[in-house]
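Undergrad: Dumping the structure here so I can ask a few things about it.
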Protein chains: 2
Amino acid sequence: MGAKPKIVPNGTVTSPKGFSAGAVYAGIKTAREHVLDLGILYSHGPCNAAGLFTTNAVKASPVLFCQRTLRDHRAQAVVVNAGCANACTGEQGDKDAAEMAAITANKVGIAVEDVLVASTGVIGKPLPMGLVRTGVGSVALSLEGGHDLALAIMTTDTFPKEIAVSTRINGDRITVGGVAKGAGMIHPNLATLLCFLTTDASVEAGLLQQALQRAVDVSFNMVTVDGDTSTNDTVLLLANGMASGRMIKAGSPQAEAFETALQIVCLHLAKNIARDGEGATKLIEVTVEGAATLDDARRAARVVASSSLVKTAVYGCDPNWGRIMAALGRSGAEVEPTKLDIYLGDLCLVRGGCSSHFNERTARALLAKKEVLVRVCLKLGEVTATAWGCDMSPDYVTINSAYTT
Amino acid sequence: MGAKPKIVPNGTVTSPKGFSAGAVYAGIKTAREHVLDLGILYSHGPCNAAGLFTTNAVKASPVLFCQRTLRDHRAQAVVVNAGCANACTGEQGDKDAAEMAAITANKVGIAVEDVLVASTGVIGKPLPMGLVRTGVGSVALSLEGGHDLALAIMTTDTFPKEIAVSTRINGDRITVGGVAKGAGMIHPNLATLLCFLTTDASVEAGLLQQALQRAVDVSFNMVTVDGDTSTNDTVLLLANGMASGRMIKAGSPQAEAFETALQIVCLHLAKNIARDGEGATKLIEVTVEGAATLDDARRAARVVASSSLVKTAVYGCDPNWGRIMAALGRSGAEVEPTKLDIYLGDLCLVRGGCSSHFNERTARALLAKKEVLVRVCLKLGEVTATAWGCDMSPDYVTINSAYTT
């Protein structure tokens with residue numbers, strides 16, 4: 001059903017039909033960070049909408065606001081700022097999130113109930129609402145504004161994360177676009193991340209939420225940077241139906257084609273978040289094969305990818321596979337040490353739980369690459385899962401020891 | 001019952017009556033590490049013995065050996081090496097652990113069933129048994145040998161950890177001594193640690209194991225350095241009864257006095273392990289008060305103490321309390337964000353989940369101390385727990401990115 005999805009050259013969150021975006025420097029970020037810090041994403045027509053939010057019990061005001069607003073599964077715009085998370089800000093924080101939505105609704109001429117709000121940055125400081133009001137007022141929306149939005153949501157990210165993918169469904173060319181930010185506080189359920197996804201496909205609201213959950217489960221929920229889960233994690237998906245009049249329904253081949261495109265977008269953004277982890281120099285991809293259950297496979301892959309000792313060994317190009325064994329052993333997944341094999345790329349490091357007496361120089365060369373592939377064969381079942389993380393360099397500490405000041 | 005326990009000046013694991021120890025440089029550690037790397041702890045008479053071991057599914061050969069040997073709750077000697085963990089070494093590893101025990105038994109003239117074995121160091125390399133044999137043969141045991149044993153078990157530790165405490169029970173002065181090593185792979189259940197505890201009290205075997213479990217639960221199991229649990233964690237407790245003929249039994253006031261002394265020893269060693277975490281410059285003590293359950297209190301304290309973002313903020317003297325809030329929120333403990341208060345020493349940072357508008361300079365001064373005290377009041381119940389960790393400096397990465405080589 002449908003052709004293979006294609007990457008849209010220079011694709012952004014505004015690549016799907018009928019989406020505009022824009023961003024300004026409102027002054028919320030300090031100057032040493034990035035120049036844009038407030039943006040708006042706007043659909044030219046009403047959208048079915050889906051969202052997923054942090055599992056942290058401490059939820060920022062904009063997260064609570066979105067959860068209420070999304071009860072009707074409808075939205076048409078997103079307003080977002082970086083530099084201040086509006087988290088742990090009490091009732092004033094709730095009022096500020098609501099006001100951000102209200103002034104955005106007023107600006108673009110839609111109901112406040114159709115505006116979603118996201119914030120990222122330092123926890124515990126009130127939003128500088130004077131700057132926010134002026135900023136929202138001066139955003140210029142355009143069909144080419146997606147890239148600016150990707151820049152505006154960055155905090156300690158070193159590059160913007162964006163992509164668009166198009167695919168043909170029943171003769172209609174539909175596009176899925178996305179932007180994300182990550183960098184720190186990145187850990188499964190969800191990574192500390194903001195991600196806004198758009199599509200011009202027409203998708204029923206129930207399917208949209210399920211498709212988002214499934215795509216996030218194999219992408220953002222398999223990314224780990226530092227084991228911390230933030231108060232602000234937010235993934236939003238807006239579908240405006242402008243590419244096709246035919247509604248995509250759950251269980252159909254069209255739904256499958258749409259989900260494939262959505263997963264490509266989410267996987268690309270998630271891997272770039274891992275690659276751009278604070279202080280990271282390499283992407284680590286950990287695939288666990290032959291697990292007894294999906295939960296075991298996911299758990300084992302994530303624990304290996306998030307082990308500080310594995311991350312520092314990869315940074316130092318040190319083929320210290322004992323740390324991978326130790327991480328597997330404490331993961332809680334079913335593991336039989338004497339059965340398992342560990343590969344680095346195609347190089348077998350461990351066979352049956354012991355050293356394979358590999359060539360250390362070859363192993364070091366594989367660890368020196370920008371993408372380090374670890375494969376674990378548990379030989380207990382048929383299930384596979386992949387997690388992504390990054391190495392840990394001294395810069396991780398430098399970045400995080402002086403973030404608020 | 002009994003006077004207040006007293007710290008024995010320059011106390012070691014051989015401070016209790018009837019214990020000798022000794023250590024040599026066998027050549028297992030590389031020269032740039034420490035000069036002693038193999039030691040023996042020996043009781044002049046048979047002991048009741050208790051042990052606790054790593055929860056990691058990947059267990060080193062000496063751990064499996066001790067678990068078998070301790071089934072009869074008796075032991076009389078411990079042989080230990082640093083520099084090689086004898087983990088993930090297959091059947092050869094099991095044979096090597098057994099041979100270490102056998103040559104030690106032969107040397108001191110006891111049954112092999114009464115010798116326990118421990119190893120720490122790099123995973124996956126076979127024990128250099130030639131060096132081990134020569135080393136065991138050349139160890140000279142003495143009543144003053146405790147300090148050498150403390151040095152011999154160090155890996156990336158920067159100082160030896162040892163203590164002895166004496167207390168009076170029914171007129172008998174009994175002593176509890178201990179040595180430990182930590183530094184990396186330190187995380188609850190158990191920390192990556194070796195710890196050998198001795199006492200000249202006479203304690204029934206069942207009580208000995210229970211007392212050890214309770215002491216470890218509030219000490220080593222509340223210490224975290226980097227979130228990794230090792231394959232070799234081992235805590236052993238030998239009681240030779242040489243200070244008193246009267247057996248201490250469970251449920252008695254004597255048992256309580258003994259446990260108090262044992263906990264003082266374990267807490268001292270555990271805190272020093274946190275203080276000496278790899279790359280650490282400060283001890284972080286996190287106390288969670290007012291939790292609904294003990295599990296909640298323990299979980300919340302440990303998650304805050306182990307958060308990479310909290311650890312880097314403490315290193316940078318950055319009063320970024322939002323990271324503490326975020327860690328509490330993801331801990332899985334019951335938390336009501338709008339109820340909780342957070343203190344740094346006596347300085348209130350957070351009241352009811354929001355900033356207390358504290359003096360930042362005062363907060364920075366408190367974070368610059370060698371011991372940073374974080375106190376969280378959840379206000380949901382009556383239960384308190386304390387966890388210990390350390391800050392994370394760029395040295396953590398430097399140390400761990402080049403450990404095997």
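For the structure tokens, the naming scheme is as follows: chains receive sequential letters (A, B, ...) according to their order of presentation, residues are indexed from 1 within each chain, and ligands are indexed from 1 in presentation order.
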Residues of chain B within 7 Å of chain A, counting only C-alpha atoms - could you list those as number ranges by chain?

TA: B: 56-58, 88-90, 123-124, 226, 228-231, 307-309, 312-313, 315-316, 318, 320, 322, 325-327, 329-330, 335, 337, 353-355, 392-394, 397-398, 400-402, 404

Undergrad: When DSSP works through the backbone of this structure, what residues of region 316-363 of chain A end up as strand (DSSP E), shown as a VMD selection string?

TA: chain A and resid 341 to 344 347 to 351 354 to 355

Undergrad: Applying 7 Å and only C-alpha atoms, which residues near region 3-7 of chain A remain after dropping the ones on its own chain fewer than 2 positions away? List them as a list in words.

TA: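 So, after excluding close chain neighbours, the residues are Met1, Pro9, Ala164, Val165, Ser166, Thr167, Arg168 and Ala261 of chain A.
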
Undergrad: Considering only helix (DSSP H, G or I) as DSSP defines it on the backbone, what residues of region 101-347 of chain B qualify? List them as a ChimeraX atom specification.

TA: /B:101-108,112-114,129-138,146-152,205-218,220-222,253-275,294-306,308-315,322-330

Undergrad: In Å to one decimal, how far is CA of Ile163 (chain B) from CA of Gln254 (chain B)?

TA: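 We find that CA of Gln254 (chain B) and CA of Ile163 (chain B) lie 21.2 Å from each other.
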
Undergrad: One decimal, in Å: what's the spacing between CA of Ala150 (chain A) and CA of Lys181 (chain A)?

TA: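 Pair CA of Ala150 (chain A) / CA of Lys181 (chain A) returns 7.6 Å.
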
Undergrad: Excluding Val288 (chain A) and any residue of its chain fewer than 6 positions from it, enumerate the residues within 6 Å of it, using only C-alpha atoms, and give them as a compact mmCIF listing (two decimals) with N, CA and C atoms, in the first residue's frame.

TA:
```txt
# COMPACT_ATOMS: atom_id res chain seq x y z
N ALA A 297 13.69 -7.02 26.03
CA ALA A 297 14.54 -6.49 24.97
C ALA A 297 14.70 -4.98 25.13
N ALA A 301 18.23 -3.10 26.26
CA ALA A 301 18.84 -2.15 25.32
C ALA A 301 19.00 -0.78 25.97
N ARG A 375 25.57 -4.86 19.49
CA ARG A 375 24.50 -5.83 19.28
C ARG A 375 24.66 -6.94 20.30
N VAL A 376 23.59 -7.21 21.01
CA VAL A 376 23.60 -8.24 22.04
C VAL A 376 22.65 -9.35 21.62
N THR A 384 13.36 -8.48 19.45
CA THR A 384 14.44 -7.51 19.25
C THR A 384 13.97 -6.11 19.62
N ALA A 385 14.87 -5.31 20.19
CA ALA A 385 14.59 -3.88 20.39
C ALA A 385 15.89 -3.11 20.25
```

Undergrad: Between A:Thr260, A:Thr14, A:Gln210, A:Gln92, which has the minimum distance to His147 (chain A) (counting only C-alpha atoms)?

TA: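 Selected residue with least distance to His147 (chain A): A:Thr14.
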
Undergrad: Report as CSV: every residue of region 55-109 of chain B with an atom at most 9 Å from region 17-31 of chain B, its closest pair of atoms, and their distance in Å to one decimal, counting only C-alpha atoms, with rows sorted by chain and ascending residue number.

TA:
```
residue,atom,partner,partner_atom,distance
B:Asn81,CA,B:Ile28,CA,7.8
B:Ala82,CA,B:Lys29,CA,6.5
B:Gly83,CA,B:Lys29,CA,4.3
B:Cys84,CA,B:Ile28,CA,6.9
```

Undergrad: Mind writing the picked residues with N, CA and C atoms as a PDB file, in the first residue's frame?

TA:
```
ATOM      1  N   ASN B  81      41.858 -10.373  45.844  1.00  0.00           N
ATOM      2  CA  ASN B  81      42.807  -9.665  44.991  1.00  0.00           C
ATOM      3  C   ASN B  81      42.131  -8.486  44.317  1.00  0.00           C
ATOM      4  N   ALA B  82      42.898  -7.499  43.967  1.00  0.00           N
ATOM      5  CA  ALA B  82      42.422  -6.389  43.150  1.00  0.00           C
ATOM      6  C   ALA B  82      43.185  -6.403  41.832  1.00  0.00           C
ATOM      7  N   GLY B  83      42.583  -5.748  40.803  1.00  0.00           N
ATOM      8  CA  GLY B  83      43.250  -5.676  39.507  1.00  0.00           C
ATOM      9  C   GLY B  83      42.618  -6.582  38.467  1.00  0.00           C
ATOM     10  N   CYS B  84      41.888  -7.579  38.930  1.00  0.00           N
ATOM     11  CA  CYS B  84      41.209  -8.516  38.024  1.00  0.00           C
ATOM     12  C   CYS B  84      39.981  -9.044  38.745  1.00  0.00           C
TER      13      CYS B  84
END
```

Undergrad: What separation in Å, quoted to one decimal, exists between CA of Val176 (chain A) and CA of Pro16 (chain A)?

TA: 6.1 Å

Undergrad: Show which residues sit within 6 Å of region 281-287 of chain A, as a PyMOL selection string. Count only C-alpha atoms, and ignore same-chain residues fewer than 4 positions away.

TA: chain A and resi 275+301+370-375+385-391

Undergrad: Okay, now the selection with C-alpha atoms, as a PDB file, in the first residue's frame?

TA:
```pdb
ATOM      1  CA  ARG A 275      23.630  12.060  18.699  1.00  0.00           C
ATOM      2  CA  ALA A 301      18.843  -2.153  25.319  1.00  0.00           C
ATOM      3  CA  LYS A 370      30.735   8.546  14.900  1.00  0.00           C
ATOM      4  CA  GLU A 371      28.147   5.774  15.182  1.00  0.00           C
ATOM      5  CA  VAL A 372      28.946   2.892  17.492  1.00  0.00           C
ATOM      6  CA  LEU A 373      26.773  -0.177  16.974  1.00  0.00           C
ATOM      7  CA  VAL A 374      26.432  -2.628  19.853  1.00  0.00           C
ATOM      8  CA  ARG A 375      24.504  -5.830  19.276  1.00  0.00           C
ATOM      9  CA  ALA A 385      14.586  -3.881  20.393  1.00  0.00           C
ATOM     10  CA  THR A 386      16.919  -0.980  19.691  1.00  0.00           C
ATOM     11  CA  ALA A 387      17.872   1.921  21.924  1.00  0.00           C
ATOM     12  CA  TRP A 388      19.974   4.974  21.200  1.00  0.00           C
ATOM     13  CA  GLY A 389      22.291   6.882  23.447  1.00  0.00           C
ATOM     14  CA  CYS A 390      25.517   8.798  23.278  1.00  0.00           C
ATOM     15  CA  ASP A 391      28.951   8.646  24.792  1.00  0.00           C
TER      16      ASP A 391
END
```
